[in-house]
Structure formats: structure tokens, C-alpha cells
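Visitor: I'm passing along run.cif; it holds mmCIF, C-alpha atoms.
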data_run
loop_
_atom_site.group_PDB
_atom_site.id
_atom_site.type_symbol
_atom_site.label_atom_id
_atom_site.label_comp_id
_atom_site.auth_asym_id
_atom_site.auth_seq_id
_atom_site.Cartn_x
_atom_site.Cartn_y
_atom_site.Cartn_z
ATOM 1 C CA MET A 1 114.102 84.363 113.869
ATOM 2 C CA LEU A 2 114.779 88.031 114.428
ATOM 3 C CA GLY A 3 114.612 89.943 111.175
ATOM 4 C CA GLU A 4 112.014 87.785 109.474
ATOM 5 C CA ASP A 5 109.292 90.278 110.375
ATOM 6 C CA LEU A 6 111.331 93.246 109.237
ATOM 7 C CA VAL A 7 109.842 95.181 106.333
ATOM 8 C CA MET A 8 111.823 94.649 103.196
ATOM 9 C CA PHE A 9 111.993 96.356 99.850
ATOM 10 C CA LYS A 10 114.651 95.673 97.277
ATOM 11 C CA ALA A 11 114.313 96.458 93.578
ATOM 12 C CA VAL A 12 116.137 97.156 90.319
ATOM 13 C CA ILE A 13 114.522 99.344 87.648
ATOM 14 C CA ASN A 14 115.540 101.302 84.576
ATOM 15 C CA ALA A 15 116.419 104.792 85.858
ATOM 16 C CA GLU A 16 114.566 106.554 83.040
ATOM 17 C CA THR A 17 111.364 104.577 83.732
ATOM 18 C CA LEU A 18 111.468 105.546 87.405
ATOM 19 C CA ARG A 19 112.436 109.160 86.635
ATOM 20 C CA ASP A 20 109.525 109.583 84.204
ATOM 21 C CA ALA A 21 107.123 108.130 86.791
ATOM 22 C CA ILE A 22 108.451 110.433 89.531
ATOM 23 C CA ASP A 23 108.334 113.489 87.239
ATOM 24 C CA SER A 24 104.622 112.901 86.602
ATOM 25 C CA VAL A 25 103.983 113.420 90.321
ATOM 26 C CA SER A 26 106.656 115.966 91.304
ATOM 27 C CA SER A 27 105.104 118.492 88.903
ATOM 28 C CA LEU A 28 102.268 118.753 91.486
ATOM 29 C CA VAL A 29 103.701 117.750 94.892
ATOM 30 C CA ASP A 30 107.117 117.593 96.581
ATOM 31 C CA GLU A 31 106.529 114.918 99.233
ATOM 32 C CA VAL A 32 104.602 111.661 98.873
ATOM 33 C CA LYS A 33 103.801 108.465 100.716
ATOM 34 C CA PHE A 34 104.500 105.342 98.656
ATOM 35 C CA SER A 35 102.512 102.217 99.500
ATOM 36 C CA ILE A 36 104.681 99.217 98.684
ATOM 37 C CA SER A 37 103.344 95.693 98.251
ATOM 38 C CA GLU A 38 104.177 92.542 96.298
ATOM 39 C CA GLY A 39 102.295 94.073 93.350
ATOM 40 C CA GLY A 40 104.501 97.174 93.112
ATOM 41 C CA LEU A 41 104.418 100.815 94.242
ATOM 42 C CA GLU A 42 101.384 103.093 94.495
ATOM 43 C CA LEU A 43 100.663 106.624 95.622
ATOM 44 C CA LYS A 44 97.854 109.179 95.680
ATOM 45 C CA ALA A 45 98.458 112.879 96.335
ATOM 46 C CA VAL A 46 96.764 116.254 96.056
ATOM 47 C CA ASP A 47 98.538 119.531 95.317
ATOM 48 C CA PRO A 48 98.782 122.186 98.093
ATOM 49 C CA ALA A 49 95.981 124.293 96.542
ATOM 50 C CA ASN A 50 93.571 121.309 96.362
ATOM 51 C CA VAL A 51 93.098 121.875 92.625
ATOM 52 C CA ALA A 52 94.732 118.727 91.212
ATOM 53 C CA MET A 53 95.094 115.109 92.300
ATOM 54 C CA VAL A 54 97.466 112.484 90.994
ATOM 55 C CA SER A 55 97.593 108.721 91.397
ATOM 56 C CA LEU A 56 100.522 106.610 90.250
ATOM 57 C CA LYS A 57 100.959 102.840 90.010
ATOM 58 C CA ILE A 58 104.273 101.221 89.122
ATOM 59 C CA GLY A 59 103.551 97.521 88.664
ATOM 60 C CA ASN A 60 106.156 94.994 89.806
ATOM 61 C CA GLU A 61 106.604 93.945 86.151
ATOM 62 C CA ALA A 62 108.193 97.377 85.497
ATOM 63 C CA PHE A 63 111.177 96.217 87.584
ATOM 64 C CA GLU A 64 114.013 93.942 86.542
ATOM 65 C CA TYR A 65 114.098 92.695 90.123
ATOM 66 C CA PHE A 66 111.438 93.280 92.770
ATOM 67 C CA LYS A 67 111.020 91.905 96.267
ATOM 68 C CA ALA A 68 108.816 93.548 98.865
ATOM 69 C CA THR A 69 106.600 93.076 101.869
ATOM 70 C CA VAL A 70 103.800 95.513 102.622
ATOM 71 C CA CYS A 71 105.096 98.855 103.914
ATOM 72 C CA GLU A 72 104.851 102.626 103.517
ATOM 73 C CA ILE A 73 107.676 105.087 102.947
ATOM 74 C CA GLY A 74 107.693 108.883 102.772
ATOM 75 C CA ILE A 75 109.920 110.379 100.075
ATOM 76 C CA ASP A 76 111.053 113.871 99.105
ATOM 77 C CA LEU A 77 110.561 113.678 95.325
ATOM 78 C CA VAL A 78 112.863 116.613 94.581
ATOM 79 C CA ARG A 79 115.805 114.874 96.264
ATOM 80 C CA LEU A 80 114.977 111.529 94.663
ATOM 81 C CA GLY A 81 114.734 113.240 91.260
ATOM 82 C CA ASP A 82 118.172 114.817 91.788
ATOM 83 C CA VAL A 83 119.689 111.388 92.432
ATOM 84 C CA LEU A 84 117.972 109.805 89.409
ATOM 85 C CA SER A 85 119.205 112.627 87.163
ATOM 86 C CA MET A 86 122.749 111.303 87.701
ATOM 87 C CA ALA A 87 121.938 108.085 85.810
ATOM 88 C CA ASP A 88 123.092 107.666 82.225
ATOM 89 C CA LYS A 89 120.675 106.646 79.477
ATOM 90 C CA GLY A 90 119.776 102.973 79.732
ATOM 91 C CA GLU A 91 121.298 102.653 83.204
ATOM 92 C CA ASN A 92 119.539 100.767 85.997
ATOM 93 C CA VAL A 93 119.018 102.015 89.528
ATOM 94 C CA GLN A 94 119.093 99.768 92.596
ATOM 95 C CA LEU A 95 116.762 100.554 95.494
ATOM 96 C CA GLU A 96 116.922 99.020 98.960
ATOM 97 C CA LEU A 97 115.047 100.006 102.093
ATOM 98 C CA ASP A 98 117.132 100.000 105.263
ATOM 99 C CA GLU A 99 114.315 99.713 107.773
ATOM 100 C CA GLU A 100 116.614 100.071 110.790
ATOM 101 C CA SER A 101 118.076 103.437 109.802
ATOM 102 C CA HIS A 102 114.872 104.450 107.966
ATOM 103 C CA LYS A 103 116.789 105.313 104.837
ATOM 104 C CA LEU A 104 116.565 104.316 101.186
ATOM 105 C CA LYS A 105 119.811 103.099 99.648
ATOM 106 C CA ILE A 106 120.070 104.017 95.970
ATOM 107 C CA GLY A 107 122.745 102.697 93.649
ATOM 108 C CA VAL A 108 123.324 104.346 90.262
ATOM 109 C CA GLY A 109 126.272 102.869 88.382
ATOM 110 C CA SER A 110 129.276 103.182 90.685
ATOM 111 C CA LEU A 111 127.524 105.828 92.818
ATOM 112 C CA SER A 112 125.782 104.978 96.097
ATOM 113 C CA TYR A 113 123.357 107.337 97.789
ATOM 114 C CA THR A 114 121.569 107.100 101.107
ATOM 115 C CA LEU A 115 118.308 109.033 101.071
ATOM 116 C CA SER A 116 116.702 109.908 104.418
ATOM 117 C CA LEU A 117 113.008 109.090 104.408
ATOM 118 C CA ILE A 118 110.129 111.147 105.781
ATOM 119 C CA ASP A 119 107.810 109.738 108.428
ATOM 120 C CA PRO A 120 104.705 108.762 106.387
ATOM 121 C CA SER A 121 102.441 110.128 109.152
ATOM 122 C CA ALA A 122 104.013 113.589 108.660
ATOM 123 C CA ILE A 123 102.928 113.669 105.006
ATOM 124 C CA ARG A 124 99.594 115.114 104.026
ATOM 125 C CA LYS A 125 96.837 112.504 104.119
ATOM 126 C CA GLU A 126 96.084 110.725 100.858
ATOM 127 C CA PRO A 127 93.071 112.205 99.088
ATOM 128 C CA ARG A 128 89.921 110.208 98.513
ATOM 129 C CA ILE A 129 89.635 110.206 94.742
ATOM 130 C CA PRO A 130 85.979 110.844 93.895
ATOM 131 C CA GLU A 131 84.023 108.431 91.731
ATOM 132 C CA LEU A 132 82.911 110.477 88.738
ATOM 133 C CA ASP A 133 80.826 109.234 85.855
ATOM 134 C CA LEU A 134 81.998 111.687 83.213
ATOM 135 C CA PRO A 135 79.894 111.582 80.025
ATOM 136 C CA ALA A 136 82.463 112.369 77.311
ATOM 137 C CA HIS A 137 85.783 110.630 76.628
ATOM 138 C CA VAL A 138 88.408 111.351 73.986
ATOM 139 C CA THR A 139 91.719 109.589 73.349
ATOM 140 C CA LEU A 140 94.570 111.288 71.490
ATOM 141 C CA PRO A 141 98.382 111.113 71.271
ATOM 142 C CA GLY A 142 100.081 112.634 74.327
ATOM 143 C CA SER A 143 102.334 114.749 72.101
ATOM 144 C CA GLU A 144 99.279 116.274 70.406
ATOM 145 C CA LEU A 145 97.822 117.403 73.732
ATOM 146 C CA ARG A 146 101.190 118.831 74.817
ATOM 147 C CA ARG A 147 101.431 120.843 71.572
ATOM 148 C CA ALA A 148 97.908 122.230 72.030
ATOM 149 C CA VAL A 149 98.595 123.232 75.644
ATOM 150 C CA LYS A 150 101.832 124.996 74.622
ATOM 151 C CA ALA A 151 99.936 126.897 71.896
ATOM 152 C CA ALA A 152 97.140 127.935 74.288
ATOM 153 C CA GLU A 153 99.694 129.209 76.830
ATOM 154 C CA LYS A 154 100.835 131.855 74.356
ATOM 155 C CA VAL A 155 97.322 133.353 74.391
ATOM 156 C CA SER A 156 95.881 132.982 77.899
ATOM 157 C CA ASP A 157 96.344 131.481 81.367
ATOM 158 C CA HIS A 158 93.227 129.323 81.133
ATOM 159 C CA VAL A 159 91.599 127.186 78.474
ATOM 160 C CA ILE A 160 88.225 125.642 77.641
ATOM 161 C CA LEU A 161 88.226 121.931 76.846
ATOM 162 C CA GLY A 162 85.120 120.483 75.271
ATOM 163 C CA VAL A 163 83.576 117.678 73.272
ATOM 164 C CA SER A 164 80.898 117.989 70.618
ATOM 165 C CA ASP A 165 79.382 115.439 68.235
ATOM 166 C CA GLU A 166 82.101 116.409 65.748
ATOM 167 C CA GLY A 167 85.060 115.792 68.074
ATOM 168 C CA PHE A 168 87.314 117.430 70.648
ATOM 169 C CA TYR A 169 87.971 121.170 70.876
ATOM 170 C CA MET A 170 90.079 123.584 72.872
ATOM 171 C CA GLU A 171 89.610 127.359 73.133
ATOM 172 C CA ALA A 172 91.838 129.994 74.713
ATOM 173 C CA LYS A 173 90.970 133.694 74.758
ATOM 174 C CA GLY A 174 93.368 136.404 75.809
ATOM 175 C CA ASP A 175 92.979 140.185 75.899
ATOM 176 C CA ILE A 176 94.150 140.463 72.303
ATOM 177 C CA ASP A 177 94.540 136.997 70.783
ATOM 178 C CA SER A 178 92.469 133.850 70.718
ATOM 179 C CA LEU A 179 93.135 130.262 69.754
ATOM 180 C CA LYS A 180 90.839 127.438 68.725
ATOM 181 C CA LEU A 181 91.887 123.857 68.177
ATOM 182 C CA LYS A 182 89.518 121.258 66.727
ATOM 183 C CA ILE A 183 90.289 117.568 66.324
ATOM 184 C CA PRO A 184 87.507 115.778 64.430
ATOM 185 C CA SER A 185 86.353 112.406 65.748
ATOM 186 C CA THR A 186 87.874 110.709 62.688
ATOM 187 C CA GLU A 187 91.349 111.897 63.745
ATOM 188 C CA LEU A 188 91.024 110.922 67.420
ATOM 189 C CA LEU A 189 92.314 107.552 68.651
ATOM 190 C CA GLY A 190 88.997 107.030 70.421
ATOM 191 C CA MET A 191 85.879 108.961 71.414
ATOM 192 C CA LYS A 192 82.723 108.582 73.479
ATOM 193 C CA PRO A 193 80.579 111.605 72.535
ATOM 194 C CA GLY A 194 78.765 113.500 75.265
ATOM 195 C CA GLU A 195 78.080 117.013 76.514
ATOM 196 C CA ALA A 196 81.360 118.441 77.800
ATOM 197 C CA ARG A 197 82.744 121.937 78.235
ATOM 198 C CA SER A 198 84.803 123.200 81.174
ATOM 199 C CA LEU A 199 87.398 125.879 81.907
ATOM 200 C CA PHE A 200 90.788 124.864 83.330
ATOM 201 C CA SER A 201 93.999 126.496 84.522
ATOM 202 C CA LEU A 202 96.772 126.250 81.939
ATOM 203 C CA ASP A 203 99.418 126.285 84.684
ATOM 204 C CA TYR A 204 98.251 122.869 85.829
ATOM 205 C CA LEU A 205 97.719 121.501 82.326
ATOM 206 C CA GLU A 206 101.219 122.633 81.376
ATOM 207 C CA ASP A 207 102.735 120.790 84.372
ATOM 208 C CA MET A 208 100.758 117.646 83.572
ATOM 209 C CA SER A 209 101.416 117.763 79.827
ATOM 210 C CA LYS A 210 105.191 117.384 80.295
ATOM 211 C CA SER A 211 104.641 113.768 81.349
ATOM 212 C CA ILE A 212 101.610 113.245 79.098
ATOM 213 C CA SER A 213 103.753 114.086 76.035
ATOM 214 C CA LYS A 214 105.711 110.849 76.616
ATOM 215 C CA ALA A 215 102.564 108.717 76.334
ATOM 216 C CA GLY A 216 101.494 107.189 73.027
ATOM 217 C CA GLU A 217 97.900 107.881 73.960
ATOM 218 C CA VAL A 218 96.067 109.798 76.667
ATOM 219 C CA THR A 219 92.382 109.613 77.550
ATOM 220 C CA LEU A 220 90.518 112.724 78.717
ATOM 221 C CA GLU A 221 87.172 112.340 80.487
ATOM 222 C CA MET A 222 84.995 115.459 80.756
ATOM 223 C CA GLY A 223 81.569 116.897 81.495
ATOM 224 C CA ILE A 224 79.891 120.310 81.782
ATOM 225 C CA ASP A 225 81.792 122.309 84.443
ATOM 226 C CA TYR A 226 83.113 119.036 85.853
ATOM 227 C CA PRO A 227 86.668 118.039 86.743
ATOM 228 C CA LEU A 228 88.911 116.706 83.993
ATOM 229 C CA ARG A 229 90.168 113.162 84.434
ATOM 230 C CA VAL A 230 93.345 112.303 82.540
ATOM 231 C CA HIS A 231 94.541 108.716 82.205
ATOM 232 C CA PHE A 232 97.695 107.463 80.479
ATOM 233 C CA LYS A 233 100.438 104.875 80.705
ATOM 234 C CA LEU A 234 104.188 105.185 80.371
ATOM 235 C CA GLY A 235 105.254 101.842 78.934
ATOM 236 C CA GLN A 236 103.159 98.847 79.955
ATOM 237 C CA SER A 237 103.534 99.022 83.715
ATOM 238 C CA VAL A 238 103.394 102.671 84.837
ATOM 239 C CA GLU A 239 99.857 104.019 85.131
ATOM 240 C CA ILE A 240 99.051 107.668 85.887
ATOM 241 C CA ASN A 241 95.751 109.419 86.561
ATOM 242 C CA TYR A 242 95.244 113.148 87.063
ATOM 243 C CA LEU A 243 92.077 114.845 88.246
ATOM 244 C CA LEU A 244 91.884 118.618 87.686
ATOM 245 C CA ALA A 245 89.168 120.827 89.158
ATOM 246 C CA PRO A 246 87.487 123.279 86.756
ATOM 247 C CA ARG A 247 87.563 127.045 87.105
ATOM 248 C CA ILE A 248 84.324 128.963 87.178
ATOM 249 C CA GLU A 249 83.847 130.558 83.778
ATOM 250 C CA GLN A 250 83.496 134.332 83.910
ATOM 251 C CA GLU A 251 80.912 135.843 81.625
#
Can I see the file as C-alpha cells?
Guide:
Amino acid sequence: MLGEDLVMFKAVINAETLRDAIDSVSSLVDEVKFSISEGGLELKAVDPANVAMVSLKIGNEAFEYFKATVCEIGIDLVRLGDVLSMADKGENVQLELDEESHKLKIGVGSLSYTLSLIDPSAIRKEPRIPELDLPAHVTLPGSELRRAVKAAEKVSDHVILGVSDEGFYMEAKGDIDSLKLKIPSTELLGMKPGEARSLFSLDYLEDMSKSISKAGEVTLEMGIDYPLRVHFKLGQSVEINYLLAPRIEQE
């Protein structure tokens, strides 16, 4: 039968859940390629400056209804975010892929939108996320990291993140002021001690921390002058990983 082979994607999800997931990515990139399968939605993207990577998984259990065959769609996250911002608290959003017109139909309450999709081949190629064995891990509340990043921003545009035997620390030095944050291992939610100290851009950490602040816990993996890997979940079924390249520390 004609139509049986057509790609299909139809789903219902809480608008806030989807908006939070999209926000975690749109802080770094505007356009993404979603890989859709029976297991849910996935994407990997790198920012235009090649400094930060993000991967996102929205498991099918995050949806109230989910039916899909394997396909890829290109989406402008800014436009999708604008549509999702129209949803009221607690409201669901309906998503349906119209393969023929290559558009995504979005229903929010009594509103119906038709979002034009981007050809996935026109979107920047997905990055290969490097396998890194980072020696030190710390786990802390997302809100705690957000607060520390906001405090460091008042002093400098970059920050040192490190781990010692005692716990996790953060240092920011400006022309006039300096800031030091120490969280002892006893106050962390989890810790794997190791040698770790690297310098990072606060611009990127600020963008990431907006989404991180909504997570009950966030795990940071670090080394000496190595990238920072950040892992957290929003709810049970939305998983986000960031990878941030270090800056070279000036003596």
C-alpha cells in the first residue's frame, strides 16, 4: 500500500518539558538535525566557534504519546522556541511530521502552527564527540553551579574550575576583584578525586548554566587543561551532555 513506507512522527509532550530541552541546545546553536527513532529524539551539535558541543536525548517515555519510524528532520530552534513559548503552564503540545510538505505541524491548545523544516543535509555535520577519560568527577546541585557562575561573572570573563583532595573549587580573577568558591567533598553530592584544573570561558558556562540550574544534580568531569564534560538530566527522560574546550591559561 502506498503510504506505508512514508516516514511518520506523531507525538504529544508537556510543552515545558520540550521547551526546557530545546533551551539547553539553543543557548549554543540555532539549527539542529534531530534523529528520530522508536526510542525517542536525539541530536548532537557544535557551536559555530567550535568551543562547545551539546548532545540531547529525549526518551520516548518523556512523551504522553509517541509514534515514530526512523527519520531525520532539520529544525530552526529559535522558531520552535517561539511557538513553544505560547503554551500555558502544564499545557501539552502536539507534534506531527507532514512528510509530503516537509513541515512540522504543532498544536498548542487551540493554536495550530506549521513549521517549515530545514533540509538536514544543509545543517552543519554532527560532531564526533571525543572519548575522554577525565580523572576527576564532582556532582552538585544545578542551582549551586548556576549561582557560582553568576558570582564569577561579576569579577571576570573566565574562570578556573578545579578539584583537589578536599573538594571542588572555582576561581575568578579580574583586574580589581577576585572570587574563590570552595565546596568541600562532604557537601558535594558525589566526588571522584583526581588532578583537575582548567580555565574556561564564562560566556559559555553562563549559557549552559541556565539549563543546568533546573537539574537536581549535575556531574562535572575534569582534568588538567582538559575539556569540561557536563552531564545532567531534566526529569527522568531528558538527558543532556555538554563538552567545553578549555582556554589556555595566561601567566
Visitor: Show me, as a PyMOL selection string, the residues that have an atom within 6 Å of range 210-219 of chain A when counting all atoms listed in the file, minus same-chain residues fewer than 6 positions from it.
Guide: chain A and resi 24+138-143+146+230-232+234
Visitor: Would you export the selected residues with C-alpha atoms as a PDB file, keeping the file's coordinate frame, please?
Guide:
ATOM      1  CA  SER A  24     104.622 112.901  86.602  1.00  0.00           C
ATOM      2  CA  VAL A 138      88.408 111.351  73.986  1.00  0.00           C
ATOM      3  CA  THR A 139      91.719 109.589  73.349  1.00  0.00           C
ATOM      4  CA  LEU A 140      94.570 111.288  71.490  1.00  0.00           C
ATOM      5  CA  PRO A 141      98.382 111.113  71.271  1.00  0.00           C
ATOM      6  CA  GLY A 142     100.081 112.634  74.327  1.00  0.00           C
ATOM      7  CA  SER A 143     102.334 114.749  72.101  1.00  0.00           C
ATOM      8  CA  ARG A 146     101.190 118.831  74.817  1.00  0.00           C
ATOM      9  CA  VAL A 230      93.345 112.303  82.540  1.00  0.00           C
ATOM     10  CA  HIS A 231      94.541 108.716  82.205  1.00  0.00           C
ATOM     11  CA  PHE A 232      97.695 107.463  80.479  1.00  0.00           C
ATOM     12  CA  LEU A 234     104.188 105.185  80.371  1.00  0.00           C
TER      13      LEU A 234
END
Visitor: Where does range 87-188 of chain A meet range 11-23 of chain A within 10 Å, residue by residue, with the nearest atom pair and distance in Å to one decimal for each, counting only C-alpha atoms, listed by chain and rising number, as CSV?
Guide:
residue,atom,partner,partner_atom,distance
A:Ala87,CA,A:Ala15,CA,6.4
A:Asp88,CA,A:Ala15,CA,8.1
A:Lys89,CA,A:Glu16,CA,7.1
A:Gly90,CA,A:Asn14,CA,6.6
A:Glu91,CA,A:Ala15,CA,6.0
A:Asn92,CA,A:Asn14,CA,4.3
A:Val93,CA,A:Ala15,CA,5.3
A:Gln94,CA,A:Val12,CA,4.6
A:Leu95,CA,A:Ala11,CA,5.1
A:Glu96,CA,A:Ala11,CA,6.5
A:Leu97,CA,A:Ala11,CA,9.3
A:Ile106,CA,A:Val12,CA,9.7
A:Gly107,CA,A:Val12,CA,9.2
A:Val108,CA,A:Ala15,CA,8.2
Visitor: Evaluate the PyMOL selection byres ((chain A and resi 74-85) around 6) and record the selected residues as a PyMOL selection string, following the chain and residue labels used in the document.
Guide: chain A and resi 30-33+73+86-87+117-120
Visitor: Could you list, as an MDAnalysis selection string, every residue matched by the PyMOL selection byres ((chain A and resi 130) around 12) in this structure?
Guide: chainID A and resid 53:54 127:129 131:134 226:229 242:245
Visitor: Closest to Ser55 in chain A among A:Gly223, A:Ser198, A:Lys192, A:Val29, using only C-alpha atoms?
Guide: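 The closest residue to Ser55 in chain A is A:Val29.
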Visitor: Using all atoms listed in the file, determine which residues lie at most 8 Å from Ala196 in chain A, disregarding the query and same-chain residues fewer than 4 positions distant; provide the list as a PyMOL selection string.
Guide: chain A and resi 135-136+161-164+222-225
Visitor: Considering only C-alpha atoms, can you say which of A:Ser110, A:Asn60, A:Ser121, A:Gln236 comes closest to Glu72 in chain A?
Guide: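 Ranked by minimum distance to Glu72 in chain A, first place goes to A:Ser121.
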Visitor: With a distance cut-off of 8 Å and all atoms listed in the file, select the neighbouring residues of Lys180 in chain A, excluding the residue or stretch itself and same-chain residues fewer than 5 positions from it, and output the selection as a PyMOL selection string.
Guide: chain A and resi 169-172
Visitor: How big is the axis-aligned box around all listed atoms of range 184-196 of chain A once 5 Å goes on each side, and where's its centre, in Å to one decimal, as JSON?
Guide:
{"center_x": 85.2, "center_y": 112.7, "center_z": 70.2, "size_x": 24.2, "size_y": 21.4, "size_z": 25.1}
Visitor: State, in Å with one decimal place, the distance from CA of Glu38 in chain A to CA of Val238 in chain A.
Guide: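 We find that CA of Glu38 in chain A and CA of Val238 in chain A lie 15.3 Å from each other.
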Visitor: So how many Å separate CA of Ser156 in chain A and CA of Lys173 in chain A, to one decimal?
Guide: 5.9 Å
Visitor: Which residue is closest to Glu126 in chain A? Choose from A:Leu199, A:Ile160, A:Leu104, A:Leu43 and count all atoms listed in the file.
Guide: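 The shortest atom-to-atom distance to Glu126 in chain A comes from A:Leu43.
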Visitor: Which residue out of A:Gly194, A:Glu42, A:Arg124, A:Phe66 has the minimum interatomic distance to Glu239 in chain A when only C-alpha atoms are used?
Guide: A:Glu42
Visitor: I would like the residues chosen by the PyMOL selection byres ((chain A and resi 202) around 10) on the shown file; could you give them as number ranges by chain?
Guide: A: 149-150, 152-153, 156-160, 172, 199-201, 203-209
Visitor: For the residues in the current selection, export C-alpha atoms as an mmCIF file, in the coordinates of the input.
Guide:
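Result went into selection11.cif, see below:
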data_model
loop_
_atom_site.group_PDB
_atom_site.id
_atom_site.type_symbol
_atom_site.label_atom_id
_atom_site.label_comp_id
_atom_site.auth_asym_id
_atom_site.auth_seq_id
_atom_site.Cartn_x
_atom_site.Cartn_y
_atom_site.Cartn_z
ATOM 1 C CA VAL A 149 98.595 123.232 75.644
ATOM 2 C CA LYS A 150 101.832 124.996 74.622
ATOM 3 C CA ALA A 152 97.140 127.935 74.288
ATOM 4 C CA GLU A 153 99.694 129.209 76.830
ATOM 5 C CA SER A 156 95.881 132.982 77.899
ATOM 6 C CA ASP A 157 96.344 131.481 81.367
ATOM 7 C CA HIS A 158 93.227 129.323 81.133
ATOM 8 C CA VAL A 159 91.599 127.186 78.474
ATOM 9 C CA ILE A 160 88.225 125.642 77.641
ATOM 10 C CA ALA A 172 91.838 129.994 74.713
ATOM 11 C CA LEU A 199 87.398 125.879 81.907
ATOM 12 C CA PHE A 200 90.788 124.864 83.330
ATOM 13 C CA SER A 201 93.999 126.496 84.522
ATOM 14 C CA ASP A 203 99.418 126.285 84.684
ATOM 15 C CA TYR A 204 98.251 122.869 85.829
ATOM 16 C CA LEU A 205 97.719 121.501 82.326
ATOM 17 C CA GLU A 206 101.219 122.633 81.376
ATOM 18 C CA ASP A 207 102.735 120.790 84.372
ATOM 19 C CA MET A 208 100.758 117.646 83.572
ATOM 20 C CA SER A 209 101.416 117.763 79.827
#
Visitor: Just want the 9 Å neighbourhood of Glu166 in chain A, counted on only C-alpha atoms, with same-chain residues fewer than 2 positions away dropped. Output as a PDB file with C-alpha atoms, in the frame of the given file.
Guide:
ATOM      1  CA  VAL A 163      83.576 117.678  73.272  1.00  0.00           C
ATOM      2  CA  SER A 164      80.898 117.989  70.618  1.00  0.00           C
ATOM      3  CA  PHE A 168      87.314 117.430  70.648  1.00  0.00           C
ATOM      4  CA  LYS A 182      89.518 121.258  66.727  1.00  0.00           C
ATOM      5  CA  ILE A 183      90.289 117.568  66.324  1.00  0.00           C
ATOM      6  CA  PRO A 184      87.507 115.778  64.430  1.00  0.00           C
ATOM      7  CA  SER A 185      86.353 112.406  65.748  1.00  0.00           C
ATOM      8  CA  THR A 186      87.874 110.709  62.688  1.00  0.00           C
ATOM      9  CA  PRO A 193      80.579 111.605  72.535  1.00  0.00           C
TER      10      PRO A 193
END
